[in-house]
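**Q** Here it is: the structure, laid out below.
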Amino acid sequence: MTSAAEPEKLSPGLYIAATPIGNLGDITLRAKDILARCDAIACEDTRVTGKLLKLLGISNRLWRYDDHASEADRANLVAAMQHQAIALVSDAGMPLVSDPGYRLVRAAREAGVTVTGLPGASAPLLALALSGLPSDRFLFAGFLPAKDQARAAMLDELAGLRSTLIFFETAPRLAKSLAAIAAQMPGREVAVARELTKMHEECRSGSAEELIAHYTAHPPRGEIVLLIGPPVAPEAGAIDADALLLAAMEHDKPSQAAGQVAKATGLDRRTLYARAMELKGA
């Protein structure tokens, strides 16, 4: 009787593997093969990854590597990569997107370790595709800050970029973030993508005010990707700058209102400020 051939042994190194963000069917054949054949798997939470491996029918050694990992933990992993195949996964999606994996990859490269990438599910990219917002230029900026002042500062920093902005957000903080967008980026198209790849997947777009009204009536659940369209430079006469200035000056000074409208429309800030002063004195 001929015995089944042993699986080919993987070359030593680091294998960065994407895992599903909700739907188990999104695991790639290649990722499943590598996770089964590697010597160990570095992961954020051994319970989360252990559950995934059980569903996939894989039994393998798990090595915890998260935000609290020390330099010694990282050094031990890199040392193991010199003679073993080590896979790196996050709790969901592509590793290194809002997780500490980049430090491990940097250390591995500095040590001369071969790093191999296994692409797959990614919540920011899926949300961008579903939103219909411009995708020729985009910026993923992680989570918006939880505190109002810090959130406002980040939005102000990014408002002038002519790119679609992508953030992770939590359901309890969504309303505050939408309100901040409405105040600081008036006129922008916004999209909320949630429960991606799951049964109740949704991607809803509109103005920040429209989305606030919807999610006030229908409180959101699940994990959320929040997207903001880029400022659109309008054709002459295509936008009512006076209306935007008056709306902004209801809660801000003329200089601040001019800056917000300039960022939202691409119009000249000095011209808008002069007009704001005229409107204020009218």
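Every chain in the structure tokens has a letter given in the order shown (A, B, ...), and although residue numbers restart at 1 in each chain, ligands are simply numbered from 1 in the order shown.
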Using only C-alpha atoms, find each residue of stretch 53-133 of chain A with at least one atom at most 10 Å away from an atom of stretch 206-224 of chain A; report its shortest atom-to-atom pair and that distance in Å (one decimal), sort the rows by chain and rising residue number, and return the result as JSON lines.

**A**
```
{"residue": "A:Ala123", "atom": "CA", "partner": "A:Ile224", "partner_atom": "CA", "distance": 9.0}
{"residue": "A:Pro124", "atom": "CA", "partner": "A:Ile224", "partner_atom": "CA", "distance": 9.7}
{"residue": "A:Ala127", "atom": "CA", "partner": "A:Ile224", "partner_atom": "CA", "distance": 9.2}
```

**Q** For the residues selected in the previous step, produce a file with N, CA and C atoms as a PDB file, in the first residue's frame.

**A**
```pdb
ATOM      1  N   ALA A 123     -11.358  45.189   5.103  1.00  0.00           N
ATOM      2  CA  ALA A 123     -12.563  46.000   5.310  1.00  0.00           C
ATOM      3  C   ALA A 123     -12.474  47.386   4.666  1.00  0.00           C
ATOM      4  N   PRO A 124     -11.350  48.124   4.802  1.00  0.00           N
ATOM      5  CA  PRO A 124     -11.299  49.445   4.180  1.00  0.00           C
ATOM      6  C   PRO A 124     -11.471  49.397   2.668  1.00  0.00           C
ATOM      7  N   ALA A 127     -15.127  48.444   1.748  1.00  0.00           N
ATOM      8  CA  ALA A 127     -16.019  49.584   1.986  1.00  0.00           C
ATOM      9  C   ALA A 127     -15.854  50.637   0.888  1.00  0.00           C
TER      10      ALA A 127
END
```

**Q** Please give the complete set of residues from stretch 13-259 of chain A that DSSP, run on the backbone, assigns to strand (DSSP E), formatted as a ChimeraX atom specification.

**A** /A:13-17,40-43,62-64,85-88,115-118,138-143,164-169,190-194,202-206,224-228

**Q** So which residues touch A:Tyr273 within 9 Å, counting only C-alpha atoms, skipping near sequence neighbours fewer than 3 positions away, as a list in words?

**A** Leu245, Pro254, Ser255, Gln256, Ala257, Ala258, Gly259, Asp268, Arg269, Arg270, Ala276, Met277 and Glu278 of chain A

**Q** Which residues, written as a list in words, have at least one atom at most 9 Å from A:Asp45, with only C-alpha atoms counted and residues fewer than 4 positions away on the same chain left out?

**A**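 Near neighbours after the sequence-gap exclusion: Thr49, Gly50, Arg64, Tyr65, Asp66, Ser90 and Asp91 of chain A.
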
**Q** Excluding stretch 22-24 of chain A and residues on its chain fewer than 3 positions from it, collect all residues at most 7 Å away from it, counting only C-alpha atoms, and give them as an MDAnalysis selection string.

**A** chainID A and resid 27 196:198

**Q** Write out as a list in words which residues come within 9 Å of A:Leu227 when counting only C-alpha atoms, dropping same-chain ones fewer than 4 positions away.

**A**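 Counting only the stated atoms, we get Pro124, Ala127, Leu128, Ser131, Leu133, Thr164, Leu165, Ile166, Phe167, Phe168, Glu189, Val190, Ala191, Val192, Ala193 and Ser205 of chain A.
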
**Q** Just checking: using only C-alpha atoms, which residue out of A:Arg173, A:Lys253, A:Arg106, A:Arg37 ends up closest to A:Leu10?

**A**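 Distance minimum relative to A:Leu10 lands on A:Arg37.
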
**Q** Excluding stretch 260-263 of chain A and its own-chain neighbours fewer than 2 positions away, which residues fall within 10 Å of it when counting only C-alpha atoms? Please give them as number ranges by chain.

**A** A: 156, 158-162, 183-188, 230-233, 241-242, 244-245, 247-248, 252, 254-258, 265-273

**Q** Report, in Å to a single decimal, how far apart atom CA of A:Cys203 and atom CA of A:Ala153 are.

**A**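 These atoms are spaced 26.4 Å apart.
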
**Q** For atom CA of A:Leu125 and atom CA of A:Pro20, determine how far apart the two atoms are, in Å to one decimal place.

**A**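 Value for the atom CA of A:Leu125-atom CA of A:Pro20 distance: 13.3 Å.
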
**Q** From the set A:Ala31, A:Ala264, A:Ala175, A:Leu155, which residue has the shortest atom-to-atom contact distance to A:Gly93, counting only C-alpha atoms?

**A**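 Nearest candidate to A:Gly93 out of A:Ala31, A:Ala264, A:Ala175, A:Leu155: A:Ala31.
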
**Q** One decimal, Å: what's the distance from atom CA of A:Phe143 over to atom CA of A:Ala171, could you say?

**A** 12.2 Å

**Q** Using DSSP on the backbone, list every residue of stretch 123-261 of chain A that comes out as helix (DSSP H, G or I), and give them as a PyMOL selection string.

**A** chain A and resi 123-131+148-158+171-184+208-217+241-248+254-261
